[in-house]
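Heads up, protein.pdb below (PDB, C-alpha atoms):
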```pdb
MODEL        1
ATOM      1  CA  MET J 604      31.050 206.294  30.379
ATOM      2  CA  THR J 605      32.223 207.835  27.116
ATOM      3  CA  ALA J 606      33.208 205.722  24.104
ATOM      4  CA  HIS J 607      36.820 206.691  24.708
ATOM      5  CA  GLU J 608      36.632 205.546  28.335
ATOM      6  CA  ALA J 609      35.008 202.280  27.291
ATOM      7  CA  ARG J 610      37.800 201.554  24.851
ATOM      8  CA  ALA J 611      40.372 202.366  27.530
ATOM      9  CA  THR J 612      38.846 199.856  29.931
ATOM     10  CA  THR J 613      38.384 197.035  27.411
ATOM     11  CA  SER J 614      41.651 197.215  25.487
ATOM     12  CA  LEU J 615      44.916 196.045  27.030
ATOM     13  CA  VAL J 616      47.654 198.251  25.641
ATOM     14  CA  VAL J 617      51.078 197.508  27.055
ATOM     15  CA  TYR J 618      52.955 198.727  23.983
ATOM     16  CA  GLU J 619      54.662 202.058  24.523
ATOM     17  CA  PRO J 620      55.196 204.610  21.754
ATOM     18  CA  PRO J 621      58.677 205.087  20.253
ATOM     19  CA  ALA J 622      59.440 208.223  22.274
ATOM     20  CA  VAL J 623      59.067 206.210  25.486
ATOM     21  CA  LEU J 624      61.005 203.215  24.204
ATOM     22  CA  ASN J 625      63.790 205.527  23.018
ATOM     23  CA  VAL J 626      64.028 203.845  19.634
ATOM     24  CA  GLN J 627      64.620 207.272  18.151
ATOM     25  CA  GLN J 628      67.878 207.729  20.028
ATOM     26  CA  ALA J 629      71.036 207.400  17.980
ATOM     27  CA  GLU J 630      72.507 204.903  20.452
ATOM     28  CA  ARG J 631      71.148 202.567  23.117
ATOM     29  CA  ARG J 632      73.116 200.965  25.938
ATOM     30  CA  TYR J 633      72.255 197.741  27.732
ATOM     31  CA  GLU J 634      73.799 195.540  30.402
ATOM     32  CA  LEU J 635      73.822 191.790  29.853
ATOM     33  CA  PRO J 636      73.862 189.778  33.094
ATOM     34  CA  ARG J 637      77.037 187.774  32.442
ATOM     35  CA  THR J 638      79.118 189.651  29.868
ATOM     36  CA  GLY J 639      78.198 193.251  30.619
ATOM     37  CA  ALA J 640      77.828 196.332  28.461
ATOM     38  CA  VAL J 641      76.399 196.476  24.955
ATOM     39  CA  ALA J 642      76.093 199.699  22.936
ATOM     40  CA  VAL J 643      74.186 199.641  19.663
ATOM     41  CA  ARG J 644      73.592 202.299  17.063
ATOM     42  CA  GLN J 645      70.046 202.942  15.854
ATOM     43  CA  ALA J 646      68.875 204.574  12.636
ATOM     44  CA  TRP J 647      65.236 205.358  13.311
ATOM     45  CA  GLY J 648      63.585 206.935  10.279
ATOM     46  CA  SER J 649      66.053 205.445   7.817
ATOM     47  CA  GLY J 650      63.921 202.446   6.943
ATOM     48  CA  ASP J 651      61.629 199.879   8.512
ATOM     49  CA  THR J 652      61.163 199.112  12.217
ATOM     50  CA  GLY J 653      64.319 196.993  12.091
ATOM     51  CA  ALA J 654      66.405 200.162  12.314
ATOM     52  CA  ALA J 655      65.893 200.148  16.102
ATOM     53  CA  GLN J 656      66.451 197.751  18.991
ATOM     54  CA  TRP J 657      63.144 196.593  20.482
ATOM     55  CA  PRO J 658      62.530 195.338  24.035
ATOM     56  CA  ALA J 659      61.748 191.651  23.481
ATOM     57  CA  GLY J 660      65.088 191.201  21.732
ATOM     58  CA  VAL J 661      66.854 192.664  24.737
ATOM     59  CA  GLU J 662      65.158 190.221  27.108
ATOM     60  CA  LEU J 663      65.947 187.303  24.798
ATOM     61  CA  ALA J 664      69.587 188.410  24.720
ATOM     62  CA  LYS J 665      69.673 188.484  28.529
ATOM     63  CA  LEU J 666      68.378 184.899  28.665
ATOM     64  CA  ILE J 667      70.986 183.712  26.181
ATOM     65  CA  ASP J 668      73.761 185.587  27.969
ATOM     66  CA  SER J 669      72.759 184.111  31.329
ATOM     67  CA  GLU J 670      72.783 180.578  29.901
ATOM     68  CA  GLY J 671      76.293 181.170  28.619
ATOM     69  CA  PRO J 672      78.806 178.891  26.899
ATOM     70  CA  GLU J 673      77.573 175.797  28.723
ATOM     71  CA  ARG J 674      74.429 175.992  26.604
ATOM     72  CA  TRP J 675      75.616 177.780  23.475
ATOM     73  CA  ARG J 676      79.297 177.051  22.725
ATOM     74  CA  GLY J 677      79.667 175.724  19.174
ATOM     75  CA  LYS J 678      75.956 175.907  18.356
ATOM     76  CA  ARG J 679      74.830 177.020  14.913
ATOM     77  CA  VAL J 680      72.118 179.658  15.335
ATOM     78  CA  LEU J 681      69.865 181.210  12.716
ATOM     79  CA  GLU J 682      68.343 184.567  13.642
ATOM     80  CA  ILE J 683      65.095 185.366  11.842
ATOM     81  CA  SER J 684      63.928 188.978  11.410
ATOM     82  CA  ALA J 685      67.079 190.105  13.163
ATOM     83  CA  GLY J 686      66.668 193.836  12.569
ATOM     84  CA  GLY J 687      69.576 196.165  13.166
ATOM     85  CA  GLY J 688      70.067 196.171  16.930
ATOM     86  CA  ALA J 689      71.987 192.876  17.036
ATOM     87  CA  VAL J 690      71.796 192.476  20.827
ATOM     88  CA  VAL J 691      70.642 188.848  20.448
ATOM     89  CA  ALA J 692      73.494 188.019  18.070
ATOM     90  CA  ILE J 693      75.978 189.731  20.370
ATOM     91  CA  ALA J 694      74.828 187.602  23.296
ATOM     92  CA  LEU J 695      75.046 184.468  21.160
ATOM     93  CA  MET J 696      78.592 185.182  19.981
ATOM     94  CA  ARG J 697      79.733 186.048  23.492
ATOM     95  CA  ALA J 698      78.324 182.682  24.569
ATOM     96  CA  GLY J 699      80.306 180.846  21.877
ATOM     97  CA  ALA J 700      77.649 180.297  19.195
ATOM     98  CA  VAL J 701      78.027 180.954  15.493
ATOM     99  CA  VAL J 702      75.318 183.124  13.960
ATOM    100  CA  VAL J 703      73.708 183.928  10.636
ATOM    101  CA  ALA J 704      71.351 186.899  10.788
ATOM    102  CA  THR J 705      68.426 187.207   8.376
ATOM    103  CA  ASP J 706      65.861 189.907   7.724
ATOM    104  CA  SER J 707      63.769 191.221   4.837
ATOM    105  CA  ASP J 708      65.448 194.643   5.172
ATOM    106  CA  ALA J 709      68.927 194.800   3.672
ATOM    107  CA  GLU J 710      69.671 198.151   5.297
ATOM    108  CA  ALA J 711      68.776 196.796   8.738
ATOM    109  CA  LEU J 712      71.170 193.915   8.146
ATOM    110  CA  LYS J 713      74.013 196.341   7.427
ATOM    111  CA  LEU J 714      73.322 197.975  10.783
ATOM    112  CA  HIS J 715      73.116 194.542  12.429
ATOM    113  CA  GLU J 716      76.572 193.621  11.154
ATOM    114  CA  GLU J 717      77.995 196.983  12.270
ATOM    115  CA  ASN J 718      76.578 196.615  15.781
ATOM    116  CA  ALA J 719      77.617 192.988  16.100
ATOM    117  CA  ARG J 720      81.178 193.809  15.050
ATOM    118  CA  ALA J 721      81.402 196.691  17.532
ATOM    119  CA  ASN J 722      80.449 194.614  20.577
ATOM    120  CA  VAL J 723      82.706 191.558  20.404
ATOM    121  CA  GLU J 724      86.413 191.037  19.973
ATOM    122  CA  PRO J 725      87.638 191.004  16.343
ATOM    123  CA  ASP J 726      88.583 187.320  16.433
ATOM    124  CA  VAL J 727      85.191 186.435  17.885
ATOM    125  CA  PHE J 728      83.393 188.348  15.149
ATOM    126  CA  ALA J 729      85.547 186.786  12.426
ATOM    127  CA  SER J 730      84.934 183.240  13.609
ATOM    128  CA  ARG J 731      81.344 183.401  14.825
ATOM    129  CA  TYR J 732      79.492 185.908  12.619
ATOM    130  CA  ARG J 733      78.739 183.925   9.484
ATOM    131  CA  GLY J 734      76.829 186.575   7.602
ATOM    132  CA  ALA J 735      73.716 188.718   7.325
ATOM    133  CA  LEU J 736      71.383 187.632   4.535
ATOM    134  CA  VAL J 737      68.061 188.860   3.190
ATOM    135  CA  LEU J 738      65.388 186.269   3.934
ATOM    136  CA  ARG J 739      61.691 186.996   3.770
ATOM    137  CA  TRP J 740      59.237 184.850   5.682
ATOM    138  CA  GLY J 741      58.163 181.931   3.532
ATOM    139  CA  ASP J 742      61.156 182.114   1.160
ATOM    140  CA  ASP J 743      63.649 179.302   0.643
ATOM    141  CA  PRO J 744      66.157 179.409   3.543
ATOM    142  CA  ALA J 745      68.792 177.299   1.752
ATOM    143  CA  ALA J 746      71.303 180.138   1.368
ATOM    144  CA  ALA J 747      71.111 181.034   5.058
ATOM    145  CA  ILE J 748      71.506 177.407   6.120
ATOM    146  CA  SER J 749      74.481 177.029   3.781
ATOM    147  CA  ALA J 750      76.136 180.136   5.244
ATOM    148  CA  LEU J 751      75.601 178.696   8.706
ATOM    149  CA  GLY J 752      77.393 175.503   7.715
ATOM    150  CA  GLY J 753      74.435 173.177   8.179
ATOM    151  CA  SER J 754      71.040 172.916   9.790
ATOM    152  CA  PRO J 755      70.698 175.208  12.802
ATOM    153  CA  ASP J 756      70.932 173.877  16.325
ATOM    154  CA  ALA J 757      68.805 176.825  17.379
ATOM    155  CA  VAL J 758      66.573 179.442  15.792
ATOM    156  CA  VAL J 759      65.889 182.788  17.459
ATOM    157  CA  ALA J 760      63.476 185.606  16.695
ATOM    158  CA  SER J 761      62.047 188.572  18.560
ATOM    159  CA  ASP J 762      59.565 191.412  18.212
ATOM    160  CA  VAL J 763      57.952 189.918  15.118
ATOM    161  CA  ALA J 764      54.231 190.023  16.015
ATOM    162  CA  TYR J 765      52.392 193.308  15.673
ATOM    163  CA  PRO J 766      49.383 194.352  13.574
ATOM    164  CA  GLY J 767      51.518 195.468  10.640
ATOM    165  CA  THR J 768      52.914 191.964  10.141
ATOM    166  CA  ARG J 769      49.653 190.072  10.674
ATOM    167  CA  ASP J 770      49.109 188.989   7.068
ATOM    168  CA  ALA J 771      52.592 187.439   7.009
ATOM    169  CA  TRP J 772      52.266 185.349  10.186
ATOM    170  CA  PRO J 773      51.441 182.144   8.262
ATOM    171  CA  ALA J 774      54.639 182.654   6.261
ATOM    172  CA  PHE J 775      56.560 183.128   9.521
ATOM    173  CA  ALA J 776      55.193 179.783  10.725
ATOM    174  CA  ARG J 777      56.251 178.148   7.441
ATOM    175  CA  THR J 778      59.753 179.523   7.874
ATOM    176  CA  LEU J 779      59.953 178.114  11.398
ATOM    177  CA  VAL J 780      58.830 174.715  10.124
ATOM    178  CA  ALA J 781      61.384 174.863   7.299
ATOM    179  CA  VAL J 782      64.369 175.670   9.518
ATOM    180  CA  GLY J 783      63.359 174.631  13.028
ATOM    181  CA  ALA J 784      62.609 170.920  12.964
ATOM    182  CA  GLY J 785      64.794 169.403  15.666
ATOM    183  CA  ALA J 786      66.194 172.797  16.664
ATOM    184  CA  ARG J 787      65.666 174.780  19.839
ATOM    185  CA  ILE J 788      63.520 177.766  18.875
ATOM    186  CA  LEU J 789      63.351 180.826  21.125
ATOM    187  CA  LEU J 790      61.008 183.744  20.615
ATOM    188  CA  GLY J 791      61.037 187.083  22.391
ATOM    189  CA  HIS J 792      57.518 188.461  22.165
ATOM    190  CA  ALA J 793      56.321 191.973  23.006
ATOM    191  CA  SER J 794      52.663 191.874  24.006
ATOM    192  CA  ARG J 795      50.773 194.821  22.551
ATOM    193  CA  TYR J 796      47.114 193.757  22.530
ATOM    194  CA  GLU J 797      45.562 190.577  23.907
ATOM    195  CA  ALA J 798      43.613 189.938  20.706
ATOM    196  CA  VAL J 799      46.765 190.282  18.620
ATOM    197  CA  ASP J 800      48.613 187.862  20.899
ATOM    198  CA  ARG J 801      45.839 185.271  20.705
ATOM    199  CA  ARG J 802      45.670 185.461  16.947
ATOM    200  CA  PHE J 803      49.450 185.277  16.518
ATOM    201  CA  PHE J 804      49.861 182.142  18.619
ATOM    202  CA  ARG J 805      46.784 180.592  17.019
ATOM    203  CA  VAL J 806      48.333 181.129  13.568
ATOM    204  CA  LEU J 807      51.513 179.458  14.807
ATOM    205  CA  ARG J 808      49.554 176.455  16.125
ATOM    206  CA  GLU J 809      47.634 176.146  12.875
ATOM    207  CA  GLY J 810      50.975 176.238  11.054
ATOM    208  CA  GLY J 811      52.390 173.387  13.120
ATOM    209  CA  VAL J 812      54.321 175.368  15.743
ATOM    210  CA  ARG J 813      53.536 175.115  19.458
ATOM    211  CA  ALA J 814      54.599 177.736  22.014
ATOM    212  CA  GLU J 815      55.448 177.411  25.690
ATOM    213  CA  ARG J 816      56.309 180.415  27.827
ATOM    214  CA  VAL J 817      59.641 180.015  29.609
ATOM    215  CA  ASP J 818      60.165 183.307  31.445
ATOM    216  CA  ASP J 819      58.802 184.307  34.843
ATOM    217  CA  GLY J 820      56.821 187.313  33.626
ATOM    218  CA  ALA J 821      59.023 189.739  35.517
ATOM    219  CA  VAL J 822      59.245 192.214  32.627
ATOM    220  CA  ALA J 823      55.877 193.780  31.890
ATOM    221  CA  GLY J 824      54.739 193.404  28.312
ATOM    222  CA  VAL J 825      57.489 190.994  27.245
ATOM    223  CA  GLY J 826      57.419 187.199  27.189
ATOM    224  CA  LEU J 827      59.997 184.592  26.237
ATOM    225  CA  PHE J 828      58.741 181.455  24.520
ATOM    226  CA  GLU J 829      60.186 178.146  23.419
ATOM    227  CA  LEU J 830      58.604 177.037  20.158
ATOM    228  CA  VAL J 831      58.370 173.452  18.970
ATOM    229  CA  VAL J 832      57.712 172.324  15.400
ATOM    230  CA  ASP J 833      55.223 169.460  15.333
ATOM    231  CA  ALA J 834      56.675 166.267  13.932
TER     232      ALA J 834
ENDMDL
END
```
Conversion result in structure tokens:
Amino acid sequence: MTAHEARATTSLVVYEPPAVLNVQQAERRYELPRTGAVAVRQAWGSGDTGAAQWPAGVELAKLIDSEGPERWRGKRVLEISAGGGAVVAIALMRAGAVVVATDSDAEALKLHEENARANVEPDVFASRYRGALVLRWGDDPAAAISALGGSPDAVVASDVAYPGTRDAWPAFARTLVAVGAGARILLGHASRYEAVDRRFFRVLREGGVRAERVDDGAVAGVGLFELVVDA
């Protein structure tokens, strides 16, 4: 067996390159189970990875959409590392929640607002989209919480764990602790390498955040998790 073959048999790689995921396309279209079509613009190459819609966010949006207003109407929701795709925020607004989107990338947030506005009725956007604010992991979330109108009832995040963000995972855990005590926290997670997954969830545990998988594993390489901040 060659060294290349050995690596192929010992490394689990379920992450697909951008050309396969179509993040380089100018527009992506999705179908949410309850409310139907979503079309979002992408700007791959214009900035960070947040310029595209990634798969774990889509699956998280489908869960939220399927739960619907019975679960989400009137809830204050903080989206962390929202990126530009906005499919999660669109599902939340269609389900009756109010949303503040945050990310470290100001340009991605402009795209997020554009996509969110384009996929809900004007009155829904005006009443339920409370802003898109720069928030880096570990920074003070007071401005985002103020824009939301109070402590969040739920916190959502997706596609945050990959090797390039590894050094910032403790700060991500601190942010969850700062905003998520008493809130429902949902995470859409794209599994790329087993070792990366183990380390990411270990960092969360060490930071006081426990994870429980809540999906049925039907979508290869993507998991949905409910996170709980230790008291």
Set out as JSON lines a contact list for region 694-789 of chain J and region 668-676 of chain J with a cut-off of 6 Å, giving each residue of region 694-789 of chain J that qualifies its closest atom pair and distance in Å to one decimal, counting only C-alpha atoms, ordered by chain and rising residue number.
```
{"residue": "J:Ala694", "atom": "CA", "partner": "J:Asp668", "partner_atom": "CA", "distance": 5.2}
{"residue": "J:Ala698", "atom": "CA", "partner": "J:Pro672", "partner_atom": "CA", "distance": 4.5}
{"residue": "J:Gly699", "atom": "CA", "partner": "J:Arg676", "partner_atom": "CA", "distance": 4.0}
{"residue": "J:Ala700", "atom": "CA", "partner": "J:Arg676", "partner_atom": "CA", "distance": 5.1}
```
(message) Applying the PyMOL selection byres ((chain J and resi 665) around 9) to the file I just gave you, which residues come out? Please list them as a ChimeraX atom specification.
(response) /J:634-637,660-664,666-670,690-691,694
Using only C-alpha atoms, give me every residue within 9 Å of (79.5, 184.1, 16.2) in file coordinates, as an mmCIF file with C-alpha atoms, in the frame of the given file.
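Saved as part26.cif:
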```
data_model
loop_
_atom_site.group_PDB
_atom_site.id
_atom_site.type_symbol
_atom_site.label_atom_id
_atom_site.label_comp_id
_atom_site.auth_asym_id
_atom_site.auth_seq_id
_atom_site.Cartn_x
_atom_site.Cartn_y
_atom_site.Cartn_z
ATOM 1 C CA GLY J 677 79.667 175.724 19.174
ATOM 2 C CA ARG J 679 74.830 177.020 14.913
ATOM 3 C CA VAL J 680 72.118 179.658 15.335
ATOM 4 C CA ALA J 692 73.494 188.019 18.070
ATOM 5 C CA ILE J 693 75.978 189.731 20.370
ATOM 6 C CA LEU J 695 75.046 184.468 21.160
ATOM 7 C CA MET J 696 78.592 185.182 19.981
ATOM 8 C CA ARG J 697 79.733 186.048 23.492
ATOM 9 C CA ALA J 698 78.324 182.682 24.569
ATOM 10 C CA GLY J 699 80.306 180.846 21.877
ATOM 11 C CA ALA J 700 77.649 180.297 19.195
ATOM 12 C CA VAL J 701 78.027 180.954 15.493
ATOM 13 C CA VAL J 702 75.318 183.124 13.960
ATOM 14 C CA VAL J 703 73.708 183.928 10.636
ATOM 15 C CA VAL J 727 85.191 186.435 17.885
ATOM 16 C CA PHE J 728 83.393 188.348 15.149
ATOM 17 C CA ALA J 729 85.547 186.786 12.426
ATOM 18 C CA SER J 730 84.934 183.240 13.609
ATOM 19 C CA ARG J 731 81.344 183.401 14.825
ATOM 20 C CA TYR J 732 79.492 185.908 12.619
ATOM 21 C CA ARG J 733 78.739 183.925 9.484
#
```
(request) Identify, on the basis of only C-alpha atoms, every residue whose closest approach to Ala659 (chain J) does not exceed 8 Å; exclude the query and any residue fewer than 3 positions from it along the same chain; express the result as a ChimeraX atom specification. (result) /J:662-663,761-762,791-793,825-827
(request) Choose the residue, out of J:Ala709, J:Ala774, J:Ala784, J:Val641, that has the smallest atom-to-atom separation from Ala757 (chain J); count all atoms listed in the file. (result)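 Ranking J:Ala709, J:Ala774, J:Ala784, J:Val641 by distance to Ala757 (chain J), first place goes to J:Ala784.
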(request) Within 9 Å of region 802-814 of chain J, counting all atoms listed in the file, which residues show up once you throw out same-chain ones fewer than 5 positions away? Write them as a PyMOL selection string, please. (result) chain J and resi 764-765+769+772-777+779-780+790+797+828-834
(request) Please measure the separation of CA of Glu710 (chain J) and CA of Gln645 (chain J), giving the value in Å to one decimal. (result) 11.6 Å
(message) So, with all atoms listed in the file as the atoms that count, which of J:Ile788, J:Ala735, J:Ala750, J:Ala798 lies closest to Pro766 (chain J)?
(response)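 Nearest to Pro766 (chain J): J:Ala798.
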(request) Would you please work out which residue, of J:Ala640, J:Pro658, J:Glu717, J:Val758, is nearest to Arg795 (chain J) when using all atoms listed in the file? (result)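 Counting all atoms listed in the file, the residue closest to Arg795 (chain J) is J:Pro658.
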(request) Run the PyMOL selection byres ((chain J and resi 754) around 10) mentally over the shown coordinates, then write out the matched residues as a ChimeraX atom specification, using the chain letters and numbers from the document. (result) /J:679-681,745,747-753,755-758,782-786
(request) Can you work out the spacing between CA of Arg632 (chain J) and CA of Gly767 (chain J) in Å, to one decimal? (result) 27.0 Å
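For the atom pair formed by CA of Val643 (chain J) and CA of Asp800 (chain J), the distance is 28.2 Å, given to one decimal.
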(message) Considering all atoms listed in the file, can you say which of J:Ala721, J:Ala704, J:Ala771, J:Leu714 comes closest to Pro744 (chain J)?
(response)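 Ranking J:Ala721, J:Ala704, J:Ala771, J:Leu714 by distance to Pro744 (chain J), first place goes to J:Ala704.
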(request) Choose the residue, out of J:Ala711, J:Asp726, J:Ala689, J:Trp657, that has the smallest atom-to-atom separation from Gly824 (chain J); count only C-alpha atoms. (result)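 Among the listed residues, J:Trp657 lies closest to Gly824 (chain J).
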